[in-house]
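The structure appears right after this line, and notes come after that.
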Amino acid sequence: MKVLEKIRSLEDLRRIKEQSKDLTAARSGGKTRIIVGMGTCGIAAGAREVMTVILEELDKKGLKEVAVETTGCIGMCQKEPLVDVIRPGEPRITYGDVGPDDVVRIITEHLVNGRIVEDKVIGQTD
Amino acid sequence: MALYRAHVLVCKGTGCTASGSGAVFDALKKELEHRGLDKEVMLVETGCHGMCEMGPIVVVYPEGAFYCKVTAEDVPEIVEEHLYKGRIVQRLLYTTHDEKKEKIPHYRDIPFYGKQLRIALKNCGYINPDNIEEYIARDGYQALAKALLEMTPEETLLSVKNSGLRGRGGAGFPTGKKWEFARMAPGDKKYIICNADEGDPGAFMDRSVLEGDPHCVVEGMLIGAYVIGADEGYIYCRAEYPLAIKRLKNAIAQAEEMGLIGDNIMGTDFCFHLHIKEGAGAFVCGEETALMASIEGKRGMPKPRPPFPANSGLWGKPTNINNVETWANIPQIVLKGSEWYSSVGTETSKGTKIFALTGKVNNTGLVEVPMGMTIREIIFDIGGGIPNGKKFKAVQLGGPSGGCLPEHLLDTPVDYESINATGAIMGSGGMVVTDEDTCIVDFAKFFLTFVQNESCGKCPFCRIGTKRMLEILERICDGKGRIEDLDLLEELAQKVKDGSLCALGGTAPNPVLTTLKYFRDEYIAHIVDRKCPAKVCTALIHYTIDPEKCIGCTKCARQCPVNAISGEIKKPHLIDQDTCIKCGQCMAVCPVKAISVE
């Protein structure tokens, strides 16, 4: 069992709250979402690996307010792995043929800075 | 700390544990490890979600998919389909009770939750009650910090006073005023008590709060202690609530470890120590003076008031006692302000109230609604109405101390004054619904039997008066009632009310009085016509076989546990009324509906 830290001031409490945020962050809605296609086609094309890299990258960058979801086949199997990014209030951007190397770019450019990675985009829906 | 993309919340409240959530949790743990998902999917134990009818409940985030009646056998499918491939398992979703039978994927879209407003239950079913950090992540202990570091005790008291919060244990006394009495009382040693001796049949509000979010009660008590100047507190919880006690003990230990309970809390002069006292489950110990006697190691019996606990309570010291739900509201009042809190509810009853909805209702469970919502909305919109297309008959509010209300009072809003005007009481929040198959005399008898058993025996009217009342009800159910019994019941009821020291005796006759008021016809049917309209009282009903319809299949005769049915094969059968115990099993098995009950 983990040793709990003493709270001696308001700053301590705020810091612990900040550290604990990701304990429950995944349970609240209304934030940026990344959706990975995990149908048989996606898995066969390497979606699992993509997923692992996404989680590692988010962790590395300390991005706690992002919901990572999986979804089934949407019919565009030849473009798998498919990764969708939805920033609150912006259209849903679908990226195709996403490899582990593209993940870093998508997260840094699109997720953090709001610039869509045009060369990987295959669709946009509102 | 690793990042988890999905959270799987398994309800480990008492309701879901009883329906097997332990096995579901273990199966999920195994399956996630087996699939290699345990590093990216977090498995969390939570308290009650309120929808106990549908348990075991599993909620999967970020989608917020709400799975009902999950078994260990369903687990591989949930893990493979939902968590691995992202396809929500449709067959396990909540289905509406109406004819549309819609599947509802999202937690927030289920009608049961749509009309609720969760303040005291904010974290119940959402956080792991055994992890203080999850509580802190959801603003936990922020209210304590605000009170201790930014507000004086007077300002904190004013906030509670202005919020309009009234005691949720049943009587509805203004909480701020109660705190002020204890604060003003002279004395250097003061106590704070949490009354968790919830004992009404069909009530489980306090248990669910303690199991699902123990820290909010602890934080509320800390704030209360700061206001009145207490340095020690007790939570009096019945030993029949083992899970609540386990979670409370853990919560207190974690808060102590973090320095939130103990000496010089958050670097201030404020010191507070908290103990749990396990009660033996006597109903009378929910009465504050009896409760304090029990903590002192004495027999749990009420004392006359005054002196009130605020001046002379536990061990003769000024003491403030509130119930679980009252304490649970405090942190949010202090954090969000009294104006926010008093914007919810009615003119005289502010905030929300938790109800334990049970009996003949589709969605039994725990609901929290703004004060002022009508009873009809709670039973029909949130509770989903009466099962199997039966007709609503009555609802018992406030447990054995409360009253039984008929259909024409369903539009009564839930606030202290409106409920009291009907003869029932708000009580701690039990809401037992009955349908047309319930005999109202038998129902009143049930509650009276309960208080009769639980009377501590101190006051003669409560001890003997309720016994005599019970005998009269038994006589009526046995078909030996006399018409003058009704007046006698009312006279006795008034005397028991007047002649009892505490609320147990003072409210014990309420079920009888309200049923006499609203369902007098049914009493008269028992006495004058010697009939039980709901066909429940065995002395007043008999089963007969229609010789025209009977095909002589012998099924009933073989089913009868006392061999009261005779007859040859393929010839009409006959029930011997003297032997028949009126269990009704013959009627249930008859393939041609030849047996009827009158």
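Numbering starts fresh at 1 for the residues of each chain in the structure tokens, the chains themselves are lettered A, B, ... in the order given, and ligands are numbered from 1 as they appear.
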Test item: chain B residues at most 7 Å from chain A, counting only C-alpha atoms, as number ranges by chain: B: 2-3, 5-7, 61-62, 84-87, 133-134, 136-137, 145, 257-260, 266-267
What's the 10 Å shell around stretch 64-66 of chain B, counting only C-alpha atoms, without same-chain residues fewer than 4 positions away, as a VMD selection string? (chain A and resid 26 to 29) or (chain B and resid 6 to 9 57 to 60 82 88 to 90 92 to 94 104 to 110)
Return the single residue from B:Ile527, B:Leu37, B:Met373, B:Val414 that is closest to B:Lys115, with distances computed using only C-alpha atoms.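 So, comparing all the options, the nearest one is B:Met373.
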Within 9 Å of stretch 380-396 of chain B, counting only C-alpha atoms, which residues show up once you throw out same-chain ones fewer than 6 positions away? Write them as a ChimeraX atom specification, please. /B:96-98,111-116,357,360-365,367,402-407,410,424,430-438,440,511
d(atom CA of B:Phe355, atom CA of B:Val70) in Å: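 About the pair atom CA of B:Phe355 and atom CA of B:Val70: they are 24.9 Å apart.
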Just want the 9 Å neighbourhood of A:Pro88, counted on only C-alpha atoms, with same-chain residues fewer than 3 positions away dropped. Output as a PyMOL selection string. chain A and resi 30-33+91
Taking only stretch 3-119 of chain A into account, list the residues labelled strand (DSSP E) by DSSP (computed from the backbone), as a ChimeraX atom specification. /A:32-37,66-71,83-86,92-95
Might you pull out every residue within 12 Å of B:Lys190, with only C-alpha atoms counted and same-chain residues fewer than 6 positions away left off, and present them as a ChimeraX atom specification? /B:179,181-184,224-234,272-273,309-321
Exercise: B:Thr268 partners within 9 Å, only C-alpha atoms, chain neighbours under 2 positions left out, as a ChimeraX atom specification: /A:8-9 /B:148-149,263-266,270-271
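The residue set within 8 Å of B:Gly399, counting only C-alpha atoms and dropping same-chain residues fewer than 6 places from it, reads Asp200, Pro201, Gly202, Ala203, Gly427, Gly429, Gly430, Met431, Val432 and Phe447 of chain B.
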Have a look at B:Lys246, B:His542, B:His215, B:Lys277 and name the one nearest to B:Leu144; count only C-alpha atoms. B:His215
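Among B:Lys353, B:Lys189, B:Arg118, B:Arg91, the residue with the shortest atom-to-atom distance to B:Arg166, counting only C-alpha atoms, is B:Lys353.
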Would you give me, as an MDAnalysis selection string, the residues in stretch 25-122 of chain A that DSSP reads as alpha helix (DSSP H)? chainID A and resid 40:45 47:61 100:105
